file run_36.cif (mmCIF, C-alpha atoms, pLDDT in the B column; chains and numbers go by the auth columns)
data_coords
loop_
_atom_site.group_PDB
_atom_site.id
_atom_site.type_symbol
_atom_site.label_atom_id
_atom_site.label_comp_id
_atom_site.label_asym_id
_atom_site.label_seq_id
_atom_site.Cartn_x
_atom_site.Cartn_y
_atom_site.Cartn_z
_atom_site.B_iso_or_equiv
_atom_site.auth_seq_id
_atom_site.auth_asym_id
ATOM 1 C CA MET A 1 -141.633 -48.413 -36.225 52.00 1 A
ATOM 2 C CA SER A 2 -137.913 -47.797 -35.803 60.00 2 A
ATOM 3 C CA ALA A 3 -138.054 -45.006 -38.392 67.00 3 A
ATOM 4 C CA ALA A 4 -140.780 -43.274 -36.425 74.00 4 A
ATOM 5 C CA ARG A 5 -138.705 -43.737 -33.312 70.00 5 A
ATOM 6 C CA GLY A 6 -135.728 -42.189 -35.088 69.00 6 A
ATOM 7 C CA HIS A 7 -137.807 -39.148 -36.028 76.00 7 A
ATOM 8 C CA LEU A 8 -139.056 -38.713 -32.496 74.00 8 A
ATOM 9 C CA LYS A 9 -135.510 -38.979 -31.212 69.00 9 A
ATOM 10 C CA ALA A 10 -134.373 -36.343 -33.697 70.00 10 A
ATOM 11 C CA ILE A 11 -137.192 -34.003 -32.663 71.00 11 A
ATOM 12 C CA TRP A 12 -136.390 -34.568 -29.031 67.00 12 A
ATOM 13 C CA SER A 13 -132.701 -33.912 -29.501 62.00 13 A
ATOM 14 C CA TRP A 14 -133.586 -30.698 -31.345 63.00 14 A
ATOM 15 C CA PHE A 15 -135.477 -29.512 -28.284 61.00 15 A
ATOM 16 C CA ARG A 16 -132.635 -30.592 -26.087 55.00 16 A
ATOM 17 C CA ARG A 17 -130.085 -28.661 -28.100 53.00 17 A
ATOM 18 C CA ASP A 18 -132.279 -25.607 -27.807 49.00 18 A
ATOM 19 C CA ARG A 19 -131.735 -25.730 -24.075 50.00 19 A
ATOM 20 C CA GLY A 20 -128.003 -25.216 -24.452 50.00 20 A
ATOM 21 C CA GLY A 21 -126.581 -28.756 -24.357 60.00 21 A
ATOM 22 C CA GLY A 22 -125.597 -30.867 -27.307 85.00 22 A
ATOM 23 C CA SER A 23 -121.841 -31.236 -27.163 92.00 23 A
ATOM 24 C CA SER A 24 -122.279 -35.026 -27.324 92.00 24 A
ATOM 25 C CA CYS A 25 -122.878 -34.633 -31.076 91.00 25 A
ATOM 26 C CA LEU A 26 -119.434 -33.060 -31.343 91.00 26 A
ATOM 27 C CA ALA A 27 -118.000 -35.892 -29.260 93.00 27 A
ATOM 28 C CA ARG A 28 -119.484 -38.480 -31.635 91.00 28 A
ATOM 29 C CA GLU A 29 -118.123 -36.656 -34.673 89.00 29 A
ATOM 30 C CA ARG A 30 -114.630 -36.241 -33.198 89.00 30 A
ATOM 31 C CA LEU A 31 -114.596 -39.865 -32.208 92.00 31 A
ATOM 32 C CA ARG A 32 -115.637 -40.970 -35.697 89.00 32 A
ATOM 33 C CA LEU A 33 -112.705 -39.056 -37.203 87.00 33 A
ATOM 34 C CA VAL A 34 -110.026 -40.321 -34.820 87.00 34 A
ATOM 35 C CA LEU A 35 -111.258 -43.890 -35.177 90.00 35 A
ATOM 36 C CA VAL A 36 -110.922 -43.785 -38.964 86.00 36 A
ATOM 37 C CA HIS A 37 -107.244 -42.950 -38.416 81.00 37 A
ATOM 38 C CA ASP A 38 -106.730 -45.381 -35.543 82.00 38 A
ATOM 39 C CA ARG A 39 -108.368 -48.349 -37.234 81.00 39 A
ATOM 40 C CA THR A 40 -106.384 -47.800 -40.417 77.00 40 A
ATOM 41 C CA ASN A 41 -103.133 -47.466 -38.487 73.00 41 A
ATOM 42 C CA THR A 42 -103.674 -50.470 -36.229 64.00 42 A
ATOM 43 C CA SER A 43 -104.325 -52.614 -39.284 66.00 43 A
ATOM 44 C CA PRO A 44 -101.695 -51.416 -41.747 65.00 44 A
ATOM 45 C CA GLY A 45 -102.714 -54.217 -44.082 77.00 45 A
ATOM 46 C CA VAL A 46 -105.744 -52.171 -45.134 81.00 46 A
ATOM 47 C CA LEU A 47 -103.788 -49.447 -46.935 83.00 47 A
ATOM 48 C CA GLU A 48 -101.484 -52.046 -48.492 86.00 48 A
ATOM 49 C CA MET A 49 -104.433 -54.046 -49.830 88.00 49 A
ATOM 50 C CA LEU A 50 -106.034 -50.868 -51.138 88.00 50 A
ATOM 51 C CA ARG A 51 -102.749 -50.015 -52.859 89.00 51 A
ATOM 52 C CA GLU A 52 -102.591 -53.408 -54.574 91.00 52 A
ATOM 53 C CA ASP A 53 -106.200 -53.139 -55.725 93.00 53 A
ATOM 54 C CA LEU A 54 -105.641 -49.617 -57.070 92.00 54 A
ATOM 55 C CA ILE A 55 -102.596 -50.816 -59.019 92.00 55 A
ATOM 56 C CA GLU A 56 -104.635 -53.608 -60.543 92.00 56 A
ATOM 57 C CA VAL A 57 -107.491 -51.348 -61.645 92.00 57 A
ATOM 58 C CA ILE A 58 -105.387 -48.482 -62.950 92.00 58 A
ATOM 59 C CA SER A 59 -102.935 -50.792 -64.727 91.00 59 A
ATOM 60 C CA THR A 60 -105.697 -51.884 -67.098 90.00 60 A
ATOM 61 C CA TYR A 61 -105.815 -48.339 -68.443 89.00 61 A
ATOM 62 C CA MET A 62 -102.382 -46.871 -67.834 91.00 62 A
ATOM 63 C CA ASP A 63 -98.755 -47.799 -67.223 92.00 63 A
ATOM 64 C CA ILE A 64 -97.904 -46.526 -63.770 93.00 64 A
ATOM 65 C CA ASP A 65 -94.704 -46.043 -61.800 93.00 65 A
ATOM 66 C CA ARG A 66 -95.434 -48.558 -59.048 91.00 66 A
ATOM 67 C CA PRO A 67 -92.487 -47.868 -56.686 90.00 67 A
ATOM 68 C CA ALA A 68 -93.259 -44.133 -56.710 91.00 68 A
ATOM 69 C CA MET A 69 -96.943 -44.645 -55.930 91.00 69 A
ATOM 70 C CA GLU A 70 -98.187 -43.290 -52.587 90.00 70 A
ATOM 71 C CA VAL A 71 -101.454 -44.006 -50.797 88.00 71 A
ATOM 72 C CA SER A 72 -102.265 -42.282 -47.544 84.00 72 A
ATOM 73 C CA LEU A 73 -105.055 -40.967 -45.368 81.00 73 A
ATOM 74 C CA SER A 74 -105.430 -37.301 -44.699 81.00 74 A
ATOM 75 C CA ARG A 75 -107.823 -35.134 -42.793 76.00 75 A
ATOM 76 C CA ASN A 76 -109.677 -32.570 -44.821 78.00 76 A
ATOM 77 C CA GLY A 77 -111.897 -30.346 -42.699 75.00 77 A
ATOM 78 C CA ASP A 78 -114.641 -32.546 -41.293 74.00 78 A
ATOM 79 C CA SER A 79 -113.774 -35.684 -43.224 78.00 79 A
ATOM 80 C CA VAL A 80 -110.979 -38.136 -43.754 80.00 80 A
ATOM 81 C CA VAL A 81 -109.863 -38.588 -47.360 85.00 81 A
ATOM 82 C CA VAL A 82 -107.764 -41.198 -49.126 87.00 82 A
ATOM 83 C CA ILE A 83 -105.016 -39.523 -51.134 89.00 83 A
ATOM 84 C CA ALA A 84 -103.353 -41.522 -53.873 91.00 84 A
ATOM 85 C CA SER A 85 -100.444 -40.142 -55.850 93.00 85 A
ATOM 86 C CA ILE A 86 -99.861 -42.377 -58.855 92.00 86 A
ATOM 87 C CA PRO A 87 -97.280 -41.260 -61.422 94.00 87 A
ATOM 88 C CA ILE A 88 -98.379 -42.246 -64.945 92.00 88 A
ATOM 89 C CA LEU A 89 -95.700 -43.478 -67.361 93.00 89 A
ATOM 90 C CA GLY A 90 -98.041 -43.829 -70.298 90.00 90 A
ATOM 91 C CA VAL A 91 -101.612 -44.450 -71.392 88.00 91 A
ATOM 92 C CA LYS A 92 -102.469 -47.659 -73.163 82.00 92 A
ATOM 93 C CA ARG A 93 -103.631 -47.190 -76.732 79.00 93 A
ATOM 94 C CA GLN A 94 -105.797 -50.289 -76.810 74.00 94 A
ATOM 95 C CA LEU A 95 -108.303 -50.173 -73.939 69.00 95 A
ATOM 96 C CA PRO A 96 -109.632 -53.496 -72.662 67.00 96 A
ATOM 97 C CA GLY A 97 -113.113 -54.272 -73.893 68.00 97 A
ATOM 98 C CA ALA A 98 -112.874 -51.768 -76.757 61.00 98 A
ATOM 99 C CA SER A 99 -113.086 -53.599 -80.059 53.00 99 A
ATOM 100 C CA MET B 1 -100.926 -78.994 -12.436 44.00 1 B
ATOM 101 C CA ARG B 2 -104.185 -78.600 -10.631 49.00 2 B
ATOM 102 C CA VAL B 3 -104.980 -75.193 -9.224 51.00 3 B
ATOM 103 C CA GLY B 4 -107.663 -74.208 -6.772 60.00 4 B
ATOM 104 C CA TRP B 5 -109.565 -71.862 -9.067 61.00 5 B
ATOM 105 C CA SER B 6 -110.947 -72.662 -12.474 70.00 6 B
ATOM 106 C CA SER B 7 -111.020 -68.990 -13.355 78.00 7 B
ATOM 107 C CA GLY B 8 -110.437 -65.557 -11.928 81.00 8 B
ATOM 108 C CA PRO B 9 -110.214 -61.929 -12.967 84.00 9 B
ATOM 109 C CA ILE B 10 -107.006 -60.321 -14.225 84.00 10 B
ATOM 110 C CA ALA B 11 -106.953 -56.546 -13.862 83.00 11 B
ATOM 111 C CA LEU B 12 -105.143 -54.895 -16.729 81.00 12 B
ATOM 112 C CA PRO B 13 -102.926 -51.884 -16.184 73.00 13 B
ATOM 113 C CA ALA B 14 -103.933 -48.878 -18.221 70.00 14 B
ATOM 114 C CA GLY B 15 -102.150 -48.634 -21.524 69.00 15 B
ATOM 115 C CA ILE B 16 -101.110 -51.129 -24.138 70.00 16 B
ATOM 116 C CA GLU B 17 -97.495 -51.867 -23.308 75.00 17 B
ATOM 117 C CA GLN B 18 -95.900 -55.003 -21.860 80.00 18 B
ATOM 118 C CA GLY B 19 -98.464 -55.122 -19.060 81.00 19 B
ATOM 119 C CA PHE B 20 -101.209 -55.597 -21.611 84.00 20 B
ATOM 120 C CA ARG B 21 -99.424 -58.501 -23.266 83.00 21 B
ATOM 121 C CA ASN B 22 -98.666 -60.185 -19.933 84.00 22 B
ATOM 122 C CA ALA B 23 -102.248 -59.890 -18.757 84.00 23 B
ATOM 123 C CA VAL B 24 -103.940 -61.139 -21.934 86.00 24 B
ATOM 124 C CA ALA B 25 -101.533 -64.068 -22.272 86.00 25 B
ATOM 125 C CA GLY B 26 -103.652 -66.168 -19.924 84.00 26 B
ATOM 126 C CA ALA B 27 -107.046 -64.632 -20.617 88.00 27 B
ATOM 127 C CA ARG B 28 -110.015 -66.381 -22.192 87.00 28 B
ATOM 128 C CA ARG B 29 -112.570 -63.617 -21.990 90.00 29 B
ATOM 129 C CA ALA B 30 -112.239 -59.848 -21.878 92.00 30 B
ATOM 130 C CA LEU B 31 -114.240 -57.069 -20.238 93.00 31 B
ATOM 131 C CA ILE B 32 -113.458 -53.556 -21.360 94.00 32 B
ATOM 132 C CA VAL B 33 -114.186 -50.663 -19.021 94.00 33 B
ATOM 133 C CA THR B 34 -114.507 -47.225 -20.546 94.00 34 B
ATOM 134 C CA THR B 35 -116.029 -43.863 -19.678 95.00 35 B
ATOM 135 C CA PRO B 36 -118.219 -41.764 -21.997 95.00 36 B
ATOM 136 C CA GLU B 37 -115.330 -39.537 -23.078 94.00 37 B
ATOM 137 C CA VAL B 38 -113.872 -39.249 -26.549 94.00 38 B
ATOM 138 C CA MET B 39 -110.336 -40.276 -25.644 92.00 39 B
ATOM 139 C CA ALA B 40 -111.441 -43.109 -23.354 93.00 40 B
ATOM 140 C CA VAL B 41 -113.658 -44.623 -26.055 95.00 41 B
ATOM 141 C CA ARG B 42 -110.804 -44.184 -28.511 93.00 42 B
ATOM 142 C CA ASP B 43 -108.506 -46.196 -26.243 91.00 43 B
ATOM 143 C CA ALA B 44 -111.220 -48.826 -25.806 92.00 44 B
ATOM 144 C CA ASP B 45 -111.407 -49.149 -29.585 92.00 45 B
ATOM 145 C CA ARG B 46 -107.657 -49.733 -29.790 89.00 46 B
ATOM 146 C CA ILE B 47 -107.843 -52.349 -27.051 89.00 47 B
ATOM 147 C CA ILE B 48 -110.664 -54.148 -28.861 90.00 48 B
ATOM 148 C CA GLY B 49 -108.510 -54.220 -31.987 87.00 49 B
ATOM 149 C CA LEU B 50 -105.532 -55.605 -30.042 86.00 50 B
ATOM 150 C CA LEU B 51 -107.698 -58.209 -28.304 89.00 51 B
ATOM 151 C CA GLU B 52 -108.994 -59.416 -31.659 86.00 52 B
ATOM 152 C CA ALA B 53 -105.414 -59.692 -32.869 84.00 53 B
ATOM 153 C CA THR B 54 -104.556 -61.904 -29.872 86.00 54 B
ATOM 154 C CA GLY B 55 -107.526 -64.143 -30.560 85.00 55 B
ATOM 155 C CA ILE B 56 -109.867 -63.063 -27.751 87.00 56 B
ATOM 156 C CA ARG B 57 -113.148 -62.636 -29.557 81.00 57 B
ATOM 157 C CA GLU B 58 -116.273 -60.793 -28.555 89.00 58 B
ATOM 158 C CA PRO B 59 -115.091 -58.724 -25.609 93.00 59 B
ATOM 159 C CA GLU B 60 -117.851 -57.194 -23.490 94.00 60 B
ATOM 160 C CA LEU B 61 -118.151 -53.562 -22.515 95.00 61 B
ATOM 161 C CA ILE B 62 -118.739 -51.820 -19.187 95.00 62 B
ATOM 162 C CA ILE B 63 -119.476 -48.100 -19.369 95.00 63 B
ATOM 163 C CA ASN B 64 -118.313 -46.468 -16.173 95.00 64 B
ATOM 164 C CA ARG B 65 -119.085 -43.100 -14.585 94.00 65 B
ATOM 165 C CA ILE B 66 -122.001 -42.172 -16.809 94.00 66 B
ATOM 166 C CA ARG B 67 -123.942 -39.108 -15.710 94.00 67 B
ATOM 167 C CA PRO B 68 -127.621 -39.414 -16.648 91.00 68 B
ATOM 168 C CA ALA B 69 -128.332 -35.690 -16.295 91.00 69 B
ATOM 169 C CA MET B 70 -125.556 -34.845 -18.765 92.00 70 B
ATOM 170 C CA VAL B 71 -126.758 -37.528 -21.176 92.00 71 B
ATOM 171 C CA ARG B 72 -130.263 -36.038 -21.032 89.00 72 B
ATOM 172 C CA ARG B 73 -128.857 -32.577 -21.706 90.00 73 B
ATOM 173 C CA GLY B 74 -127.036 -33.923 -24.726 91.00 74 B
ATOM 174 C CA ASP B 75 -123.640 -33.172 -23.218 93.00 75 B
ATOM 175 C CA MET B 76 -122.503 -36.753 -22.779 94.00 76 B
ATOM 176 C CA MET B 77 -122.479 -39.585 -25.304 94.00 77 B
ATOM 177 C CA ASP B 78 -125.202 -42.059 -24.451 91.00 78 B
ATOM 178 C CA ILE B 79 -124.956 -45.827 -24.229 92.00 79 B
ATOM 179 C CA ASP B 80 -126.250 -46.392 -27.756 92.00 80 B
ATOM 180 C CA ASP B 81 -123.651 -44.006 -29.211 91.00 81 B
ATOM 181 C CA ILE B 82 -120.796 -45.893 -27.610 94.00 82 B
ATOM 182 C CA ILE B 83 -122.156 -49.336 -28.451 94.00 83 B
ATOM 183 C CA ASP B 84 -122.707 -48.308 -32.091 92.00 84 B
ATOM 184 C CA ILE B 85 -119.157 -46.986 -32.387 92.00 85 B
ATOM 185 C CA LEU B 86 -117.372 -49.885 -30.692 94.00 86 B
ATOM 186 C CA ALA B 87 -119.672 -52.635 -32.024 93.00 87 B
ATOM 187 C CA VAL B 88 -119.373 -54.821 -28.924 94.00 88 B
ATOM 188 C CA ASP B 89 -121.886 -56.267 -26.471 93.00 89 B
ATOM 189 C CA LEU B 90 -122.767 -54.293 -23.362 94.00 90 B
ATOM 190 C CA LEU B 91 -122.265 -55.996 -20.019 94.00 91 B
ATOM 191 C CA GLY B 92 -123.222 -53.111 -17.764 93.00 92 B
ATOM 192 C CA VAL B 93 -123.456 -49.407 -17.083 94.00 93 B
ATOM 193 C CA VAL B 94 -122.188 -47.808 -13.883 93.00 94 B
ATOM 194 C CA PRO B 95 -123.416 -44.325 -12.985 93.00 95 B
ATOM 195 C CA GLU B 96 -121.079 -41.737 -11.502 94.00 96 B
ATOM 196 C CA ASP B 97 -121.438 -42.018 -7.751 93.00 97 B
ATOM 197 C CA GLU B 98 -119.688 -40.190 -4.895 93.00 98 B
ATOM 198 C CA VAL B 99 -119.966 -43.343 -2.828 92.00 99 B
ATOM 199 C CA MET B 100 -117.194 -44.863 -4.955 92.00 100 B
ATOM 200 C CA LEU B 101 -114.656 -42.333 -3.707 92.00 101 B
ATOM 201 C CA ILE B 102 -115.856 -42.519 -0.113 93.00 102 B
ATOM 202 C CA SER B 103 -115.738 -46.330 -0.161 93.00 103 B
ATOM 203 C CA GLY B 104 -112.201 -46.133 -1.511 90.00 104 B
ATOM 204 C CA ASN B 105 -111.214 -43.749 1.266 94.00 105 B
ATOM 205 C CA ARG B 106 -112.605 -46.097 3.880 93.00 106 B
ATOM 206 C CA GLY B 107 -111.333 -49.241 2.208 94.00 107 B
ATOM 207 C CA GLU B 108 -114.808 -50.741 1.974 92.00 108 B
ATOM 208 C CA PRO B 109 -116.020 -52.378 -1.240 92.00 109 B
ATOM 209 C CA ALA B 110 -118.762 -50.265 -2.839 90.00 110 B
ATOM 210 C CA VAL B 111 -120.646 -53.411 -3.860 91.00 111 B
ATOM 211 C CA LEU B 112 -121.431 -54.004 -0.166 91.00 112 B
ATOM 212 C CA ASN B 113 -123.150 -50.634 0.057 89.00 113 B
ATOM 213 C CA GLY B 114 -126.830 -51.367 -0.411 88.00 114 B
ATOM 214 C CA SER B 115 -127.809 -47.756 -1.039 89.00 115 B
ATOM 215 C CA SER B 116 -125.168 -46.980 -3.682 90.00 116 B
ATOM 216 C CA ARG B 117 -126.363 -46.866 -7.288 89.00 117 B
ATOM 217 C CA ALA B 118 -122.874 -47.684 -8.524 92.00 118 B
ATOM 218 C CA GLY B 119 -122.705 -50.558 -6.057 92.00 119 B
ATOM 219 C CA GLU B 120 -125.965 -51.936 -7.410 91.00 120 B
ATOM 220 C CA ALA B 121 -124.639 -51.628 -10.957 92.00 121 B
ATOM 221 C CA PHE B 122 -121.519 -53.596 -9.992 92.00 122 B
ATOM 222 C CA ARG B 123 -123.604 -56.306 -8.314 93.00 123 B
ATOM 223 C CA ASN B 124 -125.695 -56.584 -11.484 93.00 124 B
ATOM 224 C CA ILE B 125 -122.546 -56.896 -13.590 93.00 125 B
ATOM 225 C CA ALA B 126 -121.275 -59.649 -11.316 92.00 126 B
ATOM 226 C CA ARG B 127 -124.567 -61.536 -11.665 92.00 127 B
ATOM 227 C CA ARG B 128 -124.478 -61.207 -15.450 93.00 128 B
ATOM 228 C CA LEU B 129 -120.915 -62.567 -15.415 90.00 129 B
ATOM 229 C CA ARG B 130 -122.227 -65.621 -13.583 90.00 130 B
ATOM 230 C CA GLY B 131 -124.756 -66.132 -16.348 91.00 131 B
ATOM 231 C CA GLU B 132 -127.832 -64.662 -14.696 92.00 132 B
ATOM 232 C CA SER B 133 -130.156 -62.568 -16.773 90.00 133 B
ATOM 233 C CA VAL B 134 -130.409 -59.137 -15.149 88.00 134 B
ATOM 234 C CA THR B 135 -132.146 -56.241 -16.842 82.00 135 B
ATOM 235 C CA MET B 136 -129.902 -53.300 -17.689 77.00 136 B
ATOM 236 C CA TYR B 137 -129.396 -50.798 -14.932 54.00 137 B
ATOM 237 C CA GLU B 138 -132.032 -48.130 -14.934 57.00 138 B
ATOM 238 C CA LEU B 139 -130.025 -44.958 -14.973 58.00 139 B
ATOM 239 C CA GLU B 140 -132.366 -43.045 -12.794 44.00 140 B
ATOM 240 C CA ARG B 141 -134.631 -44.252 -10.080 43.00 141 B
ATOM 241 C CA SER B 142 -136.953 -41.288 -9.907 41.00 142 B
ATOM 242 C CA ARG B 143 -137.993 -40.305 -13.362 46.00 143 B
ATOM 243 C CA GLY B 144 -139.709 -37.024 -14.079 50.00 144 B
ATOM 244 C CA MET B 145 -142.983 -36.652 -15.940 53.00 145 B
ATOM 245 C CA PHE B 146 -141.276 -35.774 -19.242 54.00 146 B
ATOM 246 C CA SER B 147 -139.074 -38.791 -19.015 54.00 147 B
ATOM 247 C CA ARG B 148 -142.086 -41.038 -18.487 55.00 148 B
ATOM 248 C CA ILE B 149 -143.856 -39.502 -21.481 57.00 149 B
ATOM 249 C CA ARG B 150 -140.751 -39.966 -23.612 57.00 150 B
ATOM 250 C CA ARG B 151 -140.562 -43.579 -22.596 57.00 151 B
ATOM 251 C CA MET B 152 -144.247 -44.067 -23.372 59.00 152 B
ATOM 252 C CA ILE B 153 -143.888 -42.765 -26.920 61.00 153 B
ATOM 253 C CA GLY B 154 -140.704 -44.762 -27.363 59.00 154 B
ATOM 254 C CA VAL B 155 -138.145 -41.983 -27.686 54.00 155 B
ATOM 255 C CA GLU B 156 -136.219 -43.168 -24.713 47.00 156 B
ATOM 256 C CA ARG B 157 -135.411 -46.704 -23.820 48.00 157 B
ATOM 257 C CA GLY B 158 -136.788 -47.893 -20.540 40.00 158 B
#

call {"tool": "encode", "arguments": {"input": "run_36.cif", "output": "structure tokens"}}
result
Amino acid sequence: MSAARGHLKAIWSWFRRDRGGGSSCLARERLRLVLVHDRTNTSPGVLEMLREDLIEVISTYMDIDRPAMEVSLSRNGDSVVVIASIPILGVKRQLPGAS
Amino acid sequence: MRVGWSSGPIALPAGIEQGFRNAVAGARRALIVTTPEVMAVRDADRIIGLLEATGIREPELIINRIRPAMVRRGDMMDIDDIIDILAVDLLGVVPEDEVMLISGNRGEPAVLNGSSRAGEAFRNIARRLRGESVTMYELERSRGMFSRIRRMIGVERG
């Protein structure tokens, strides 16, 4: 029922756009992008927690330079990307789980 | 100390500086007023985040100055868009209405104007605040034939 309603809404908005309007789609998209930034910045704990989790995962495979590690958000065209720069000091010879 | 009122509204200044902290210090419940513009909704999102941080949960939203014709044209974010993005409950929707400015000029409350659509929306919001169940404001009184058909097939919410 709601799927059918979604289709009808999509068809209707297609007709609407044909009549010249439609900038509300742009508004939604712009809002989505700024809110990704805002919500990450207003809760700085998120990036810090992500950083700790990344360290944990990558450390099982490689020795990394933790103080030099950088995690940040960046805008790339129409999307927001997480950029992590993690200097590797060495790769572990014995991988976990490999016998 | 006993005071005469058990509760009352606190109007927040715009912005999130000291005024915000002073006003929320004594607040138990929060109503957020925004307009269907990108930067206004963005600010509303920041306020919701700050309110959560101060322990005021589940703020309610009032969307002000919505223009039904622009929403229909697809040139203004609709109610569902804003509710989806902010993830809060809707308390009311106030349409753009010239009467608001004229009432302000004359110093008369718009809620006392029986013929004003915005006034009616504000009265409905007040009744919902008192716990009454009032159906959401119908954005347009006179609906065209297309609008009625759309409502019938479920594309548009009544």

call {"tool": "atom_distance", "arguments": {"input": "run_36.cif", "atom1": "atom CA of B:Leu12", "atom2": "atom CA of B:Val24"}}
result
8.2 Å

call {"tool": "atom_distance", "arguments": {"input": "run_36.cif", "atom1": "atom CA of B:Gly107", "atom2": "atom CA of B:Pro95"}}
result
20.0 Å

call {"tool": "interface_residues", "arguments": {"input": "run_36.cif", "of": "chain B", "to": "chain A", "cutoff": "6 Å", "atoms": "all atoms listed in the file", "output": "PDB file with C-alpha atoms, keeping the file's coordinate frame"}}
result
ATOM      1  CA  VAL B  38    -113.872 -39.249 -26.549  1.00 94.00           C
ATOM      2  CA  ARG B  73    -128.857 -32.577 -21.706  1.00 90.00           C
ATOM      3  CA  GLY B  74    -127.036 -33.923 -24.726  1.00 91.00           C
ATOM      4  CA  ASP B  75    -123.640 -33.172 -23.218  1.00 93.00           C
ATOM      5  CA  MET B  76    -122.503 -36.753 -22.779  1.00 94.00           C
ATOM      6  CA  MET B  77    -122.479 -39.585 -25.304  1.00 94.00           C
ATOM      7  CA  VAL B 155    -138.145 -41.983 -27.686  1.00 54.00           C
TER       8      VAL B 155
END

call {"tool": "atom_distance", "arguments": {"input": "run_36.cif", "atom1": "atom CA of A:Ile58", "atom2": "atom CA of A:Gly45"}}
result
19.9 Å

call {"tool": "resolve_selection", "arguments": {"input": "run_36.cif", "expression": "the PyMOL selection byres ((chain B and resi 130-135) around 12)", "output": "ChimeraX atom specification"}}
result
/B:7-8,90-93,120-129,136-139,158

call {"tool": "residues_around", "arguments": {"input": "run_36.cif", "residues": "B:Leu50", "least_positions_apart": "6", "cutoff": "12 Å", "atoms": "all atoms listed in the file", "output": "ChimeraX atom specification"}}
result
/A:38-39,41-43 /B:15-17,20-21,24,30,32,43-44,56-57,59

call {"tool": "closest_residue", "arguments": {"input": "run_36.cif", "among": "B:Asp80, B:Glu96, B:Gln18, B:Ser115", "to": "B:Thr35", "atoms": "only C-alpha atoms"}}
result
B:Glu96

call {"tool": "axis_aligned_box", "arguments": {"input": "run_36.cif", "around": "stretch 45-54 of chain B", "padding_each_side": "8 Å", "output": "AutoDock Vina command-line options"}}
result
--center_x -108.0 --center_y -55.5 --center_z -30.0 --size_x 22.9 --size_y 28.8 --size_z 21.8

call {"tool": "residues_near_point", "arguments": {"input": "run_36.cif", "point": "(-99.6, -46.1, -62.9)", "cutoff": "9 Å", "atoms": "only C-alpha atoms", "output": "ChimeraX atom specification"}}
result
/A:55,58-59,61-66,69,86-91

call {"tool": "residues_around", "arguments": {"input": "run_36.cif", "residues": "B:Ser116", "least_positions_apart": "4", "cutoff": "8 Å", "atoms": "all atoms listed in the file", "output": "VMD selection string"}}
result
chain B and resid 97 99 110 to 111 120

call {"tool": "resolve_selection", "arguments": {"input": "run_36.cif", "expression": "the PyMOL selection byres ((chain A and resi 79) around 10)", "output": "MDAnalysis selection string"}}
result
chainID A and resid 29 32:33 36 74:78 80:81

call {"tool": "resolve_selection", "arguments": {"input": "run_36.cif", "expression": "the PyMOL selection byres ((chain B and resi 58) around 10)", "output": "ChimeraX atom specification"}}
result
/B:29-31,48,51-52,55-57,59-61,87-89

call {"tool": "write_last_selection", "arguments": {"input": "run_36.cif", "atoms": "C-alpha atoms", "output": "PDB file, keeping the file's coordinate frame"}}
result
ATOM      1  CA  ARG B  29    -112.570 -63.617 -21.990  1.00 90.00           C
ATOM      2  CA  ALA B  30    -112.239 -59.848 -21.878  1.00 92.00           C
ATOM      3  CA  LEU B  31    -114.240 -57.069 -20.238  1.00 93.00           C
ATOM      4  CA  ILE B  48    -110.664 -54.148 -28.861  1.00 90.00           C
ATOM      5  CA  LEU B  51    -107.698 -58.209 -28.304  1.00 89.00           C
ATOM      6  CA  GLU B  52    -108.994 -59.416 -31.659  1.00 86.00           C
ATOM      7  CA  GLY B  55    -107.526 -64.143 -30.560  1.00 85.00           C
ATOM      8  CA  ILE B  56    -109.867 -63.063 -27.751  1.00 87.00           C
ATOM      9  CA  ARG B  57    -113.148 -62.636 -29.557  1.00 81.00           C
ATOM     10  CA  PRO B  59    -115.091 -58.724 -25.609  1.00 93.00           C
ATOM     11  CA  GLU B  60    -117.851 -57.194 -23.490  1.00 94.00           C
ATOM     12  CA  LEU B  61    -118.151 -53.562 -22.515  1.00 95.00           C
ATOM     13  CA  ALA B  87    -119.672 -52.635 -32.024  1.00 93.00           C
ATOM     14  CA  VAL B  88    -119.373 -54.821 -28.924  1.00 94.00           C
ATOM     15  CA  ASP B  89    -121.886 -56.267 -26.471  1.00 93.00           C
TER      16      ASP B  89
END

call {"tool": "residues_around", "arguments": {"input": "run_36.cif", "residues": "A:Ser72", "least_positions_apart": "4", "cutoff": "12 Å", "atoms": "only C-alpha atoms", "output": "list in words"}}
result
His37, Thr40, Asn41, Pro44, Val46, Leu47, Glu48, Leu50, Arg51, Val80, Val81, Val82, Ile83, Ala84, Ser85 and Ile86 of chain A

call {"tool": "closest_residue", "arguments": {"input": "run_36.cif", "among": "B:Asp78, B:Val71, B:Gly104, B:Leu86", "to": "B:Gly49", "atoms": "all atoms listed in the file"}}
result
B:Leu86
